[in-house]
Each structure stands twice: as structure tokens, then as C-alpha cells.
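Visitor: Below is a structure I'd like to ask you about.
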Amino acid sequence: MNSKPTHFLLVEDDDAHAELTMLALSEHQSTNTIDRVSDGEQAVAYLRQQDEYVDKPRPDVIILDLKLPKIGGLEVLDIIKKNDSLKNIPTVTLTTSANEKDRAMAYERNVNSFLTKPIDFDDFQSMIRDLSFYWSVWNQPPVTAA
């Protein structure tokens, strides 16, 4: 089992969804850390450690909404998965879209998981807790060079 704290990057433009997601992520593993950006342009800058994100840590897991301003989620996913230094970061889409086309396009771009946000609050919280538990406890990431 993974014993190191997990650093999540949440890319979510909806403040209410972001707040609920961050609350659920922090409830499960108090040692985990979470940063949030609210559009695709900020996500790319964060991942490239540019501008105000120059000192931000590399995320262990990216939680990515598809419907984002400036640069859409699928385009952000393309940027992540085509970049040698970013492509191995597990990326999970968390979206309101249940559209089969969106799911197919995300998997074509090598998303690691596609989740549709449940409408029910308790189901949403449960999904996020499970996501946190999986990526912070059960998943075994590759060993990286120091």
C-alpha cells in the first residue's frame, strides 16, 4: 500500500463542485494535499510550473473537469498525455457529462479514469472518498528518480 501523502490537482471551474470535491478529498486522508485551479489555462501553467505556479509541487493525481473555460478539458488532457514529463501523472476526468462521445474522446487521449458526477450529494461524496482512497492508498505509482 502507498503510505506517502498524495498531492491532488483539482481542475474545476465550478466553485460549488470544487468545494465539495476538496472537502471530500480532505476528509479521507488528512495528510493528502490539494491544489485547485479553475480553468484549463491555469492547469497548463500549474503543470508546467509557470508564472505563479513556479514553486508548486508536481501533482500525484490530476482530477480534471471536461467543461472548462479558456482551454477545454480534452485539450488539457492532450497536453498532459503528449508531454513526456507529465504523461505518467494519473489523470481522472470528473464531469457532469454522461455523453458517450466525451467518454470515448477522453479514453482516446489516454485518460486513466472517467467519472460522471452523481447528482445525489451523498453519492458524490462517496465517489470522491473512494477516488481518494484508491489513489492515495491502493494505487502503487512508479518509483521516481530523486
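Each chain of the C-alpha cells is named A, B, ... in the order shown, its residues numbered from 1; ligands are numbered from 1 in display order.
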Find the spatial neighbours of A:Val111, counting only C-alpha atoms, within a cut-off of 9 Å - ignore same-chain residues fewer than 6 positions away - and output them as a list of chain:residue names.

Guide: A:Leu77, A:Lys81, A:Pro90, A:Thr91, A:Val92, A:Thr93

Visitor: I need the chosen residues saved as an mmCIF file, in the first residue's frame, with C-alpha atoms.

Guide:
data_model
loop_
_atom_site.group_PDB
_atom_site.id
_atom_site.type_symbol
_atom_site.label_atom_id
_atom_site.label_comp_id
_atom_site.auth_asym_id
_atom_site.auth_seq_id
_atom_site.Cartn_x
_atom_site.Cartn_y
_atom_site.Cartn_z
ATOM 1 C CA LEU A 77 -5.679 16.088 -21.378
ATOM 2 C CA LYS A 81 -0.558 12.888 -22.212
ATOM 3 C CA PRO A 90 -2.713 9.674 -13.393
ATOM 4 C CA THR A 91 -5.499 11.832 -14.772
ATOM 5 C CA VAL A 92 -9.128 11.314 -13.804
ATOM 6 C CA THR A 93 -11.933 13.181 -15.515
#

Visitor: Extract, using only C-alpha atoms, all DNA, RNA and protein residues at most 8 Å from A:Val76, discarding same-chain residues fewer than 6 positions from it, and format them as number ranges by chain.

Guide: A: 40, 43-44

Visitor: Those selected residues, please, written with N, CA and C atoms and delivered as a CSV table (one decimal), in the first residue's frame.

Guide:
chain,number,residue,atom,x,y,z
A,40,GLY,N,-8.6,25.7,-17.8
A,40,GLY,CA,-7.5,25.0,-18.5
A,40,GLY,C,-6.2,25.7,-18.6
A,43,ALA,N,-4.4,25.3,-15.5
A,43,ALA,CA,-4.0,23.9,-15.3
A,43,ALA,C,-2.6,23.7,-16.0
A,44,VAL,N,-2.6,24.2,-17.3
A,44,VAL,CA,-1.3,24.0,-18.0
A,44,VAL,C,-0.2,24.8,-17.4

Visitor: I'd like the neighbourhood of A:Ala18 as number ranges by chain, where a residue qualifies if any of its atoms comes within 10 Å (using only C-alpha atoms), though same-chain residues fewer than 6 positions away should be ignored.

Guide: A: 10-12, 24, 36-38, 65

Visitor: List the neighbours of A:Glu100 out to 12 Å using only C-alpha atoms; skip same-chain residues closer than 4 positions along the sequence, and give me the result as a ChimeraX atom specification.

Guide: /A:104-107,114-116

Visitor: Near A:Ser85, within 12 Å and counting only C-alpha atoms, which residues show up once chain neighbours fewer than 4 positions away are dropped, as a PyMOL selection string?

Guide: chain A and resi 47-49+58-59+79-81+89+144

Visitor: So that I have them on file, write out the residues from the current selection with C-alpha atoms, as a tab-separated table (two decimals), in the first residue's frame.

Guide:
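After the write, selection_32.tsv holds the following:
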chain	number	residue	atom	x	y	z
A	47	LEU	CA	1.69	21.61	-14.60
A	48	ARG	CA	4.50	23.45	-16.41
A	49	GLN	CA	5.33	25.30	-13.15
A	58	ARG	CA	4.08	18.13	-9.16
A	59	PRO	CA	0.68	16.52	-8.56
A	79	ILE	CA	-1.24	18.42	-23.41
A	80	ILE	CA	-0.70	16.20	-20.37
A	81	LYS	CA	-0.56	12.89	-22.21
A	89	ILE	CA	0.58	11.52	-13.89
A	144	THR	CA	10.67	8.09	-9.47

Visitor: Among chain A, which ones does DSSP assign to strand (DSSP E) (computed from the backbone)? Answer as a list in words.

Guide: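 Restricting chain A to strand (DSSP E) produces His7, Phe8, Leu9, Leu10, Val11, Thr33, Ile34, Asp35, Arg36, Val37, Val61, Ile62, Ile63, Leu64, Thr91, Val92, Thr93, Leu94, Thr95, Ser113, Phe114, Leu115 and Thr116 of chain A.
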
Visitor: What does the file look like for those residues with C-alpha atoms, as a CSV table (one decimal), in the first residue's frame?

Guide:
chain,number,residue,atom,x,y,z
A,7,HIS,CA,-0.9,15.6,-3.8
A,8,PHE,CA,-4.1,16.2,-5.9
A,9,LEU,CA,-4.5,18.9,-8.5
A,10,LEU,CA,-8.2,19.7,-9.0
A,11,VAL,CA,-9.1,21.5,-12.3
A,33,THR,CA,-2.8,17.9,-0.2
A,34,ILE,CA,-5.0,19.5,-2.8
A,35,ASP,CA,-4.4,22.5,-5.1
A,36,ARG,CA,-7.2,23.8,-7.3
A,37,VAL,CA,-7.1,25.8,-10.5
A,61,VAL,CA,-3.1,12.8,-9.4
A,62,ILE,CA,-5.0,15.2,-11.6
A,63,ILE,CA,-8.8,15.5,-11.3
A,64,LEU,CA,-9.9,17.2,-14.5
A,91,THR,CA,-5.5,11.8,-14.8
A,92,VAL,CA,-9.1,11.3,-13.8
A,93,THR,CA,-11.9,13.2,-15.5
A,94,LEU,CA,-14.7,14.2,-13.2
A,95,THR,CA,-17.5,15.7,-15.2
A,113,SER,CA,-10.4,7.1,-15.4
A,114,PHE,CA,-13.7,8.7,-16.5
A,115,LEU,CA,-16.1,9.6,-13.7
A,116,THR,CA,-19.5,11.2,-14.1

Visitor: Near A:Phe124, within 10 Å and counting only C-alpha atoms, which residues show up once chain neighbours fewer than 6 positions away are dropped, as a list in words?

Guide: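 Once the nearby chain positions are removed, what remains is His17, Leu20, Thr21, Ala24, Thr116, Lys117, Pro118 and Asp130 of chain A.
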
Visitor: How many Å lie between atom CA of A:Lys82 and atom CA of A:Asp60, rounded to one decimal?

Guide: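 Interatomic distance, atom CA of A:Lys82 to atom CA of A:Asp60: 17.2 Å.
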
Visitor: Assign secondary structure with DSSP using the backbone only, and return the residues of chain A in helix (DSSP H, G or I) as a PyMOL selection string.

Guide: chain A and resi 15-28+40-47+51-53+73-81+100-108+121-138

Visitor: As a count of residues only, please: the residues near A:Tyr46 (cut-off 9 Å, only C-alpha atoms, same-chain neighbours under 4 positions excluded).

Guide: 12

Visitor: What is the atom CA of A:Arg129 to atom CA of A:Glu27 distance in Å?

Guide: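 We find that atom CA of A:Arg129 and atom CA of A:Glu27 lie 7.8 Å from each other.
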
Visitor: Please compute the atom CA of A:Asp14-atom CA of A:Pro69 distance, one decimal, in Å.

Guide: 10.4 Å
